[in-house]
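A.B. asks: Structure file start.cif, mmCIF, C-alpha atoms and all ligand atoms, is pasted below:
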```cif
data_model
loop_
_atom_site.label_atom_id
_atom_site.label_comp_id
_atom_site.auth_asym_id
_atom_site.auth_seq_id
_atom_site.Cartn_x
_atom_site.Cartn_y
_atom_site.Cartn_z
CA MET Q 3 116.32 92.89 93.20
CA ASN Q 4 118.03 90.77 95.87
CA VAL Q 5 115.91 88.18 97.62
CA ILE Q 6 117.03 86.82 100.99
CA ILE Q 7 115.12 83.90 102.50
CA CYS Q 8 115.53 83.37 106.23
CA LYS Q 9 114.49 80.46 108.43
CA ASP Q 10 112.11 82.47 110.60
CA GLU Q 11 110.95 85.87 111.80
CA LYS Q 12 113.88 86.26 114.19
CA GLU Q 13 116.45 85.71 111.47
CA VAL Q 14 114.57 88.15 109.21
CA ALA Q 15 114.78 90.83 111.91
CA LYS Q 16 118.52 90.29 112.37
CA LYS Q 17 119.19 90.43 108.63
CA ALA Q 18 117.14 93.63 108.25
CA PHE Q 19 118.97 95.17 111.20
CA GLU Q 20 122.32 94.31 109.59
CA LEU Q 21 121.34 96.30 106.48
CA VAL Q 22 120.07 99.24 108.55
CA GLU Q 23 123.18 99.26 110.71
CA LYS Q 24 125.43 99.31 107.66
CA VAL Q 25 123.78 102.51 106.42
CA LEU Q 26 123.75 104.10 109.88
CA LYS Q 27 127.44 103.43 110.36
CA SER Q 28 128.44 104.66 106.93
CA LYS Q 29 127.06 108.21 107.22
CA GLU Q 30 127.17 111.10 109.61
CA ASN Q 31 123.50 112.05 109.17
CA PRO Q 32 121.77 108.98 107.78
CA VAL Q 33 118.17 109.20 106.63
CA LEU Q 34 115.81 106.27 107.19
CA GLY Q 35 112.36 105.77 105.70
CA LEU Q 36 110.25 103.86 108.20
CA ALA Q 37 107.14 101.69 108.02
CA THR Q 38 104.45 100.64 110.48
CA GLY Q 39 102.47 97.39 110.76
CA SER Q 40 103.42 94.15 112.46
CA THR Q 41 106.17 93.23 109.99
CA PRO Q 42 108.89 95.74 111.00
CA LEU Q 43 108.42 95.12 114.75
CA GLY Q 44 111.26 92.55 114.87
CA LEU Q 45 113.60 95.03 113.21
CA TYR Q 46 112.57 97.77 115.64
CA ASN Q 47 113.22 95.39 118.56
CA GLU Q 48 116.72 94.78 117.21
CA MET Q 49 117.24 98.55 116.90
CA VAL Q 50 116.11 99.06 120.51
CA LYS Q 51 118.35 96.22 121.74
CA ALA Q 52 121.40 97.67 120.00
CA TYR Q 53 120.70 101.05 121.63
CA GLN Q 54 120.22 99.49 125.09
CA ASN Q 55 123.50 97.57 124.68
CA LYS Q 56 125.16 100.89 123.83
CA GLU Q 57 126.19 99.59 120.41
CA ILE Q 58 124.45 102.37 118.52
CA SER Q 59 123.00 105.85 118.87
CA TYR Q 60 120.23 107.32 116.73
CA GLN Q 61 120.81 110.95 117.68
CA ASN Q 62 121.94 111.91 114.20
CA VAL Q 63 119.44 109.78 112.31
CA VAL Q 64 116.66 111.56 110.42
CA THR Q 65 113.47 109.59 109.74
CA TYR Q 66 110.53 109.86 107.35
CA ASN Q 67 107.53 107.61 107.86
CA LEU Q 68 105.60 106.27 104.91
CA ASP Q 69 102.07 107.04 105.90
CA GLU Q 70 99.49 107.99 108.52
CA TYR Q 71 95.76 107.53 108.96
CA ILE Q 72 93.50 110.54 108.49
CA GLY Q 73 91.00 111.12 111.26
CA LEU Q 74 92.88 109.75 114.27
CA ALA Q 75 94.40 112.10 116.83
CA LYS Q 76 98.18 111.83 117.09
CA ASP Q 77 97.85 110.38 120.58
CA HIS Q 78 95.30 107.75 119.51
CA PRO Q 79 96.98 104.42 120.35
CA GLU Q 80 96.59 103.21 116.74
CA SER Q 81 97.91 106.33 115.03
CA TYR Q 82 101.19 105.66 113.29
CA TYR Q 83 102.63 108.54 115.32
CA SER Q 84 101.85 106.52 118.48
CA PHE Q 85 103.02 103.26 116.92
CA MET Q 86 106.44 104.68 116.07
CA HIS Q 87 106.89 106.32 119.45
CA THR Q 88 105.78 103.25 121.40
CA ASN Q 89 107.80 100.74 119.44
CA LEU Q 90 110.95 102.65 118.55
CA PHE Q 91 111.36 106.36 119.24
CA ASP Q 92 110.50 106.41 122.97
CA LYS Q 93 112.81 103.46 123.66
CA THR Q 94 115.84 104.98 121.95
CA ASP Q 95 117.56 108.34 121.53
CA PHE Q 96 115.96 109.50 118.26
CA LYS Q 97 115.52 113.28 118.46
CA GLU Q 98 111.94 114.46 118.05
CA SER Q 99 113.13 117.22 115.73
CA ASN Q 100 114.56 114.59 113.34
CA ILE Q 101 111.33 112.60 113.14
CA HIS Q 102 108.90 113.16 110.25
CA ILE Q 103 105.49 111.51 110.08
CA PRO Q 104 103.00 112.73 107.48
CA GLU Q 105 100.06 114.66 108.86
CA GLY Q 106 97.11 116.53 107.46
CA SER Q 107 94.19 115.64 105.29
CA ASN Q 108 94.42 117.53 102.03
CA GLN Q 109 96.49 117.78 98.89
CA GLN Q 110 98.40 120.77 100.19
CA ASP Q 111 99.51 118.82 103.29
CA ALA Q 112 100.55 115.96 101.01
CA LEU Q 113 102.63 118.24 98.80
CA LYS Q 114 104.34 119.74 101.84
CA TYR Q 115 105.36 116.27 103.03
CA GLU Q 116 106.50 115.27 99.55
CA ASP Q 117 108.77 118.28 99.47
CA GLU Q 118 110.27 117.38 102.86
CA VAL Q 119 110.91 113.76 101.93
CA VAL Q 120 112.44 114.59 98.57
CA LYS Q 121 114.71 117.24 100.09
CA GLY Q 122 115.56 114.84 102.94
CA GLN Q 123 116.74 112.14 100.48
CA VAL Q 124 116.10 108.80 102.14
CA ASP Q 125 119.19 106.56 102.28
CA LEU Q 126 117.29 103.40 103.20
CA GLN Q 127 113.54 102.88 103.06
CA ILE Q 128 111.98 100.04 105.05
CA LEU Q 129 108.75 98.59 103.62
CA GLY Q 130 106.17 95.99 104.55
CA ILE Q 131 103.72 94.71 101.95
CA GLY Q 132 99.95 94.28 102.00
CA ARG Q 133 98.28 91.03 100.85
CA ASN Q 134 97.23 92.95 97.74
CA GLY Q 135 100.81 94.03 97.05
CA HIS Q 136 100.42 97.54 98.44
CA ILE Q 137 103.41 99.49 99.73
CA GLY Q 138 102.71 102.33 102.10
CA PHE Q 139 99.01 102.87 101.45
CA ASN Q 140 99.52 102.68 97.68
CA GLU Q 141 96.80 100.26 96.75
CA PRO Q 142 96.69 98.32 93.45
CA ASN Q 143 96.49 100.55 90.36
CA THR Q 144 98.17 103.54 92.02
CA PRO Q 145 100.37 105.12 89.32
CA PHE Q 146 104.05 104.20 89.65
CA ASP Q 147 104.98 107.88 89.39
CA SER Q 148 102.62 108.97 92.21
CA ILE Q 149 103.89 111.37 94.85
CA THR Q 150 102.62 111.85 98.42
CA HIS Q 151 98.82 111.88 98.28
CA ILE Q 152 95.55 111.24 100.08
CA VAL Q 153 94.04 107.79 99.59
CA ASP Q 154 90.81 105.91 100.22
CA LEU Q 155 91.74 102.58 101.80
CA THR Q 156 90.49 99.45 100.09
CA GLN Q 157 88.07 97.14 101.84
CA GLU Q 158 90.81 94.49 102.03
CA THR Q 159 93.19 96.85 103.83
CA ILE Q 160 90.46 98.02 106.21
CA GLU Q 161 89.69 94.37 107.04
CA ASP Q 162 93.39 93.55 107.52
CA ASN Q 163 93.86 96.51 109.85
CA ALA Q 164 90.69 95.91 111.89
CA ARG Q 165 92.77 93.60 114.12
CA PHE Q 166 94.38 96.71 115.58
CA PHE Q 167 90.93 98.22 116.31
CA ASP Q 168 89.42 95.46 118.49
CA GLY Q 169 88.50 93.60 115.31
CA ASP Q 170 85.91 96.29 114.48
CA LYS Q 171 86.18 97.43 110.84
CA SER Q 172 83.92 100.38 111.52
CA LEU Q 173 86.63 101.88 113.74
CA VAL Q 174 89.33 101.74 111.04
CA PRO Q 175 89.84 105.09 109.32
CA THR Q 176 88.88 105.03 105.64
CA LYS Q 177 91.45 107.55 104.47
CA ALA Q 178 95.19 108.00 104.83
CA ILE Q 179 98.06 110.19 103.68
CA THR Q 180 100.88 108.22 102.09
CA MET Q 181 104.15 108.67 100.27
CA GLY Q 182 103.52 107.79 96.62
CA ILE Q 183 105.27 105.01 94.75
CA GLY Q 184 107.46 107.57 93.00
CA THR Q 185 108.40 109.02 96.41
CA ILE Q 186 109.35 105.57 97.70
CA MET Q 187 111.40 104.78 94.58
CA HIS Q 188 113.44 107.94 95.17
CA ALA Q 189 115.17 106.25 98.17
CA LYS Q 190 118.74 105.16 97.50
CA GLU Q 191 118.14 101.72 98.95
CA ILE Q 192 114.91 99.83 99.73
CA VAL Q 193 114.41 96.86 102.06
CA LEU Q 194 111.01 95.17 101.90
CA ILE Q 195 110.20 92.64 104.60
CA ALA Q 196 107.43 90.02 104.41
CA LEU Q 197 106.46 87.37 106.94
CA GLY Q 198 103.97 84.52 106.94
CA SER Q 199 101.97 82.49 104.43
CA ALA Q 200 99.35 85.23 103.89
CA LYS Q 201 102.04 87.15 101.98
CA ALA Q 202 103.20 84.24 99.79
CA ASP Q 203 101.03 85.16 96.78
CA CYS Q 204 101.83 88.88 96.74
CA ILE Q 205 105.54 88.04 97.14
CA LYS Q 206 105.42 85.72 94.15
CA ASP Q 207 103.75 88.47 92.09
CA THR Q 208 106.26 91.05 93.35
CA VAL Q 209 109.38 89.00 92.64
CA GLU Q 210 108.40 86.86 89.66
CA GLY Q 211 105.37 88.57 88.14
CA ALA Q 212 105.16 91.35 85.57
CA VAL Q 213 106.02 94.86 86.72
CA SER Q 214 102.45 96.08 86.93
CA GLU Q 215 100.50 98.75 88.76
CA GLN Q 216 98.17 95.93 89.83
CA THR Q 217 100.96 94.81 92.17
CA PRO Q 218 102.46 98.05 93.49
CA ALA Q 219 105.52 96.34 95.04
CA SER Q 220 106.51 94.84 91.66
CA ILE Q 221 108.07 98.22 90.79
CA LEU Q 222 110.94 97.26 93.10
CA GLN Q 223 112.19 95.03 90.27
CA LYS Q 224 113.23 98.32 88.63
CA HIS Q 225 114.98 99.81 91.66
CA PRO Q 226 118.80 99.69 91.49
CA ASN Q 227 119.23 98.68 95.13
CA ALA Q 228 116.21 96.80 96.48
CA THR Q 229 116.34 93.81 98.82
CA ILE Q 230 113.43 91.61 99.83
CA ILE Q 231 113.82 89.73 103.11
CA LEU Q 232 111.40 86.84 103.65
CA ASP Q 233 110.72 84.09 106.10
CA GLU Q 234 110.21 80.62 104.61
CA LEU Q 235 106.41 80.96 104.73
CA ALA Q 236 106.34 84.18 102.72
CA ALA Q 237 108.84 82.67 100.25
CA ALA Q 238 106.92 79.39 99.86
CA LYS Q 239 105.46 80.12 96.42
CA LEU Q 240 108.66 81.37 94.78
CA ALA Q 241 110.19 79.12 92.11
CA LYS Q 242 112.84 76.94 93.76
P1 LIG H 1 101.61 94.17 108.25
O1 LIG H 1 101.18 95.25 107.19
O2 LIG H 1 103.08 94.37 108.49
O3 LIG H 1 100.82 94.47 109.48
O4 LIG H 1 101.32 92.82 107.64
C1 LIG H 1 101.99 95.44 106.08
C2 LIG H 1 101.37 96.46 105.15
O5 LIG H 1 100.14 96.49 105.05
O6 LIG H 1 102.13 97.19 104.51
#
```
Go through the file and emit its structure as structure tokens.
C.D. replies:
Amino acid sequence: MNVIICKDEKEVAKKAFELVEKVLKSKENPVLGLATGSTPLGLYNEMVKAYQNKEISYQNVVTYNLDEYIGLAKDHPESYYSFMHTNLFDKTDFKESNIHIPEGSNQQDALKYEDEVVKGQVDLQILGIGRNGHIGFNEPNTPFDSITHIVDLTQETIEDNARFFDGDKSLVPTKAITMGIGTIMHAKEIVLIALGSAKADCIKDTVEGAVSEQTPASILQKHPNATIILDELAAAKLAK
């Protein structure tokens, strides 16, 4: 696992964009796995800027998102469908027919998405990380070989995400559909981004701890091409 420590959030976004751009420029029909949350926003801004400066087009890029809440309409402002359109897709030339975001609420819907992702073969998967080490909505103790499935969100994740719902935990959905850890590991390359001191402990566990289902992201130690990009705050607890 490669670990890159950057001075600040801006440098992290530029570094992540460099890795994305390399994949996009090396293939005719590149496939990106995308994440939501506040962490990838800097990367998405870089992607939008490059499009606006006519340096890049996303017309041939296929995307698969990691996860989606269950119980929010697609057009709800906090659905991940809305998040991706607002922050990336609507500001660029991604084709709607190339965009995949999981939807549905049962095991059959999950299996259908799993099949699409596996057949799609993600070239580069972007990940954030939860304070508890989750990737996608794979909370601690999710089996490493899990495939796309329906999850109950942990109290910690509901509390963390309440900030997007006017601070009201009762408005945060309690269930989601998410790629499994096995699905994520199937990507040819993985780039996990973490920002800020709240992520310092889970980053230490991910990079230096045991590979354990208690810290879902620690499985990246076993991936042949995984890079972790951190700001100095998120990297603060790593051994010097
Ligand atoms: P965040 O969420 O980017 O909003 O911190 C990351 C995650 O929970 O995966």
A.B. asks: Residues near stretch 65-67 of chain Q, anyone? I mean within 7 Å using all atoms listed in the file, not counting same-chain ones fewer than 2 positions away, as a PyMOL selection string.
C.D. replies: chain Q and resi 33-37+63+69+100-104+119
A.B. asks: Go through chain Q residue by residue and, counting all atoms listed in the file, keep those with an atom at most 9 Å from ligand LIG 1 (chain H); for each kept residue give the shortest atom pair and its distance in Å to one decimal, ordered by chain and increasing number, as CSV.
C.D. replies:
```
residue,atom,partner,partner_atom,distance
Q:Ala37,CA,H:LIG1,O6,7.6
Q:Thr38,CA,H:LIG1,O2,6.7
Q:Gly39,CA,H:LIG1,O3,3.6
Q:Ser40,CA,H:LIG1,O3,4.0
Q:Thr41,CA,H:LIG1,O2,3.6
Q:Pro42,CA,H:LIG1,O2,6.5
Q:Leu43,CA,H:LIG1,O2,8.3
Q:Leu129,CA,H:LIG1,O6,6.8
Q:Gly130,CA,H:LIG1,O6,4.2
Q:Ile131,CA,H:LIG1,O6,3.9
Q:Gly132,CA,H:LIG1,O5,3.8
Q:Arg133,CA,H:LIG1,O5,7.1
Q:Asn134,CA,H:LIG1,O5,8.6
Q:Gly135,CA,H:LIG1,O6,8.2
Q:His136,CA,H:LIG1,O6,6.3
Q:Ile137,CA,H:LIG1,O6,5.5
Q:Gly138,CA,H:LIG1,O6,5.7
Q:Phe139,CA,H:LIG1,O6,7.2
Q:Thr159,CA,H:LIG1,O5,7.1
Q:Asp162,CA,H:LIG1,O3,7.7
Q:Asn163,CA,H:LIG1,O3,7.3
Q:Ile195,CA,H:LIG1,O2,8.3
Q:Ala196,CA,H:LIG1,O2,7.4
Q:Leu197,CA,H:LIG1,O4,7.5
Q:Gly198,CA,H:LIG1,O4,8.7
Q:Ala200,CA,H:LIG1,O4,8.7
Q:Lys201,CA,H:LIG1,O4,8.0
```
A.B. asks: Using C-alpha atoms, can you write the selected residues to a file as a short mmCIF file (atom, residue, chain, number, x, y, z; two decimals), in the coordinates of the input?
C.D. replies:
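And here is the file that came out, again01.cif:
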```
data_model
loop_
_atom_site.label_atom_id
_atom_site.label_comp_id
_atom_site.auth_asym_id
_atom_site.auth_seq_id
_atom_site.Cartn_x
_atom_site.Cartn_y
_atom_site.Cartn_z
CA ALA Q 37 107.14 101.69 108.02
CA THR Q 38 104.45 100.64 110.48
CA GLY Q 39 102.47 97.39 110.76
CA SER Q 40 103.42 94.15 112.46
CA THR Q 41 106.17 93.23 109.99
CA PRO Q 42 108.89 95.74 111.00
CA LEU Q 43 108.42 95.12 114.75
CA LEU Q 129 108.75 98.59 103.62
CA GLY Q 130 106.17 95.99 104.55
CA ILE Q 131 103.72 94.71 101.95
CA GLY Q 132 99.95 94.28 102.00
CA ARG Q 133 98.28 91.03 100.85
CA ASN Q 134 97.23 92.95 97.74
CA GLY Q 135 100.81 94.03 97.05
CA HIS Q 136 100.42 97.54 98.44
CA ILE Q 137 103.41 99.49 99.73
CA GLY Q 138 102.71 102.33 102.10
CA PHE Q 139 99.01 102.87 101.45
CA THR Q 159 93.19 96.85 103.83
CA ASP Q 162 93.39 93.55 107.52
CA ASN Q 163 93.86 96.51 109.85
CA ILE Q 195 110.20 92.64 104.60
CA ALA Q 196 107.43 90.02 104.41
CA LEU Q 197 106.46 87.37 106.94
CA GLY Q 198 103.97 84.52 106.94
CA ALA Q 200 99.35 85.23 103.89
CA LYS Q 201 102.04 87.15 101.98
#
```
A.B. asks: Between Q:Glu215, Q:Asp147, Q:Glu57, Q:Glu13, single out the one closest to Q:Met187, counting all atoms listed in the file.
C.D. replies: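 Using all atoms listed in the file, Q:Met187 sits closest to Q:Asp147.
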A.B. asks: Considering all atoms listed in the file, can you say which of Q:Gln123, Q:Ser107, Q:Ser199, Q:Asn143 comes closest to Q:Lys177?
C.D. replies: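 Nearest to Q:Lys177: Q:Ser107.
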A.B. asks: Would you kindly return, as a PyMOL selection string, each protein, DNA or RNA residue with an atom no farther than 9 Å from any atom of stretch 17-21 of chain Q, considering all atoms listed in the file and excluding same-chain residues fewer than 6 positions away?
C.D. replies: chain Q and resi 6+8+42+44-46+48-49+126+128+193-195+231
A.B. asks: Could the residues in this selection be saved with C-alpha atoms as an mmCIF file, in the coordinates of the input?
C.D. replies:
```cif
data_model
loop_
_atom_site.group_PDB
_atom_site.id
_atom_site.type_symbol
_atom_site.label_atom_id
_atom_site.label_comp_id
_atom_site.auth_asym_id
_atom_site.auth_seq_id
_atom_site.Cartn_x
_atom_site.Cartn_y
_atom_site.Cartn_z
ATOM 1 C CA ILE Q 6 117.030 86.820 100.990
ATOM 2 C CA CYS Q 8 115.530 83.370 106.230
ATOM 3 C CA PRO Q 42 108.890 95.740 111.000
ATOM 4 C CA GLY Q 44 111.260 92.550 114.870
ATOM 5 C CA LEU Q 45 113.600 95.030 113.210
ATOM 6 C CA TYR Q 46 112.570 97.770 115.640
ATOM 7 C CA GLU Q 48 116.720 94.780 117.210
ATOM 8 C CA MET Q 49 117.240 98.550 116.900
ATOM 9 C CA LEU Q 126 117.290 103.400 103.200
ATOM 10 C CA ILE Q 128 111.980 100.040 105.050
ATOM 11 C CA VAL Q 193 114.410 96.860 102.060
ATOM 12 C CA LEU Q 194 111.010 95.170 101.900
ATOM 13 C CA ILE Q 195 110.200 92.640 104.600
ATOM 14 C CA ILE Q 231 113.820 89.730 103.110
#
```
A.B. asks: What does the structure give for the distance between atom CA of Q:Val124 and atom CA of Q:Lys190, in Å to one decimal?
C.D. replies: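 These atoms are spaced 6.5 Å apart.
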A.B. asks: What's the 8 Å shell around Q:Ile7, counting all atoms listed in the file, without same-chain residues fewer than 3 positions away, as a ChimeraX atom specification?
C.D. replies: /Q:14,231-234,237
A.B. asks: Which value, in Å to one decimal, gives the distance between atom CA of Q:His151 and atom CA of Q:Lys76?
C.D. replies: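 These two atoms are separated by 18.8 Å.
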A.B. asks: Find, counting only C-alpha atoms, the residue in Q:Leu74, Q:Leu235, Q:Ile230, Q:Ala15 that gets nearest to Q:Val174.
C.D. replies: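 Distance minimum relative to Q:Val174 lands on Q:Leu74.
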A.B. asks: Would you work out the distance separating atom CA of Q:Lys171 from atom CA of Q:Asn140, expressed in Å to one decimal?
C.D. replies: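 Those two atoms sit 19.5 Å apart.
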A.B. asks: Kindly extract all protein, DNA and RNA residues lying within 7 Å of the coordinates (122.3, 110.3, 108.5) given in the file, considering only C-alpha atoms, and supply them as a list in words.
C.D. replies: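 Returned residue set, sorted by chain then number, is Leu26, Lys29, Glu30, Asn31, Pro32, Val33, Asn62, Val63 and Val64 of chain Q.
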A.B. asks: Kindly add N, CA, C and O atoms to the incomplete stretch 179-193 of chain Q and provide the output as a tab-separated table (two decimals), in the frame of the given file.
C.D. replies:
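File written: selection_17.tsv
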```tsv
chain	number	residue	atom	x	y	z
Q	179	ILE	N	97.10	109.41	104.48
Q	179	ILE	CA	98.06	110.19	103.68
Q	179	ILE	C	99.29	109.28	103.53
Q	179	ILE	O	99.74	108.68	104.51
Q	180	THR	N	99.77	109.16	102.32
Q	180	THR	CA	100.88	108.22	102.09
Q	180	THR	C	101.90	108.76	101.09
Q	180	THR	O	101.52	109.47	100.15
Q	181	MET	N	103.16	108.44	101.31
Q	181	MET	CA	104.15	108.67	100.27
Q	181	MET	C	103.63	107.96	99.03
Q	181	MET	O	102.99	106.90	99.13
Q	182	GLY	N	103.90	108.49	97.84
Q	182	GLY	CA	103.52	107.79	96.62
Q	182	GLY	C	104.57	106.75	96.25
Q	182	GLY	O	105.62	106.63	96.91
Q	183	ILE	N	104.30	106.02	95.19
Q	183	ILE	CA	105.27	105.01	94.75
Q	183	ILE	C	106.52	105.70	94.20
Q	183	ILE	O	107.64	105.26	94.45
Q	184	GLY	N	106.30	106.80	93.50
Q	184	GLY	CA	107.46	107.57	93.00
Q	184	GLY	C	108.31	108.09	94.15
Q	184	GLY	O	109.55	108.09	94.09
Q	185	THR	N	107.66	108.53	95.23
Q	185	THR	CA	108.40	109.02	96.41
Q	185	THR	C	109.26	107.89	96.98
Q	185	THR	O	110.44	108.09	97.30
Q	186	ILE	N	108.65	106.72	97.12
Q	186	ILE	CA	109.35	105.57	97.70
Q	186	ILE	C	110.55	105.19	96.82
Q	186	ILE	O	111.65	104.93	97.32
Q	187	MET	N	110.34	105.19	95.52
Q	187	MET	CA	111.40	104.78	94.58
Q	187	MET	C	112.59	105.73	94.57
Q	187	MET	O	113.67	105.40	94.09
Q	188	HIS	N	112.39	106.93	95.11
Q	188	HIS	CA	113.44	107.94	95.17
Q	188	HIS	C	114.52	107.57	96.21
Q	188	HIS	O	115.63	108.09	96.18
Q	189	ALA	N	114.19	106.65	97.14
Q	189	ALA	CA	115.17	106.25	98.17
Q	189	ALA	C	116.36	105.56	97.50
Q	189	ALA	O	116.21	104.87	96.50
Q	190	LYS	N	117.55	105.76	98.10
Q	190	LYS	CA	118.74	105.16	97.50
Q	190	LYS	C	118.73	103.64	97.62
Q	190	LYS	O	119.25	102.94	96.77
Q	191	GLU	N	118.19	103.16	98.73
Q	191	GLU	CA	118.14	101.72	98.95
Q	191	GLU	C	116.77	101.39	99.56
Q	191	GLU	O	116.23	102.19	100.33
Q	192	ILE	N	116.22	100.24	99.20
Q	192	ILE	CA	114.91	99.83	99.73
Q	192	ILE	C	115.02	98.41	100.27
Q	192	ILE	O	115.60	97.53	99.62
Q	193	VAL	N	114.47	98.20	101.47
Q	193	VAL	CA	114.41	96.86	102.06
Q	193	VAL	C	112.96	96.55	102.36
Q	193	VAL	O	112.34	97.22	103.19
```
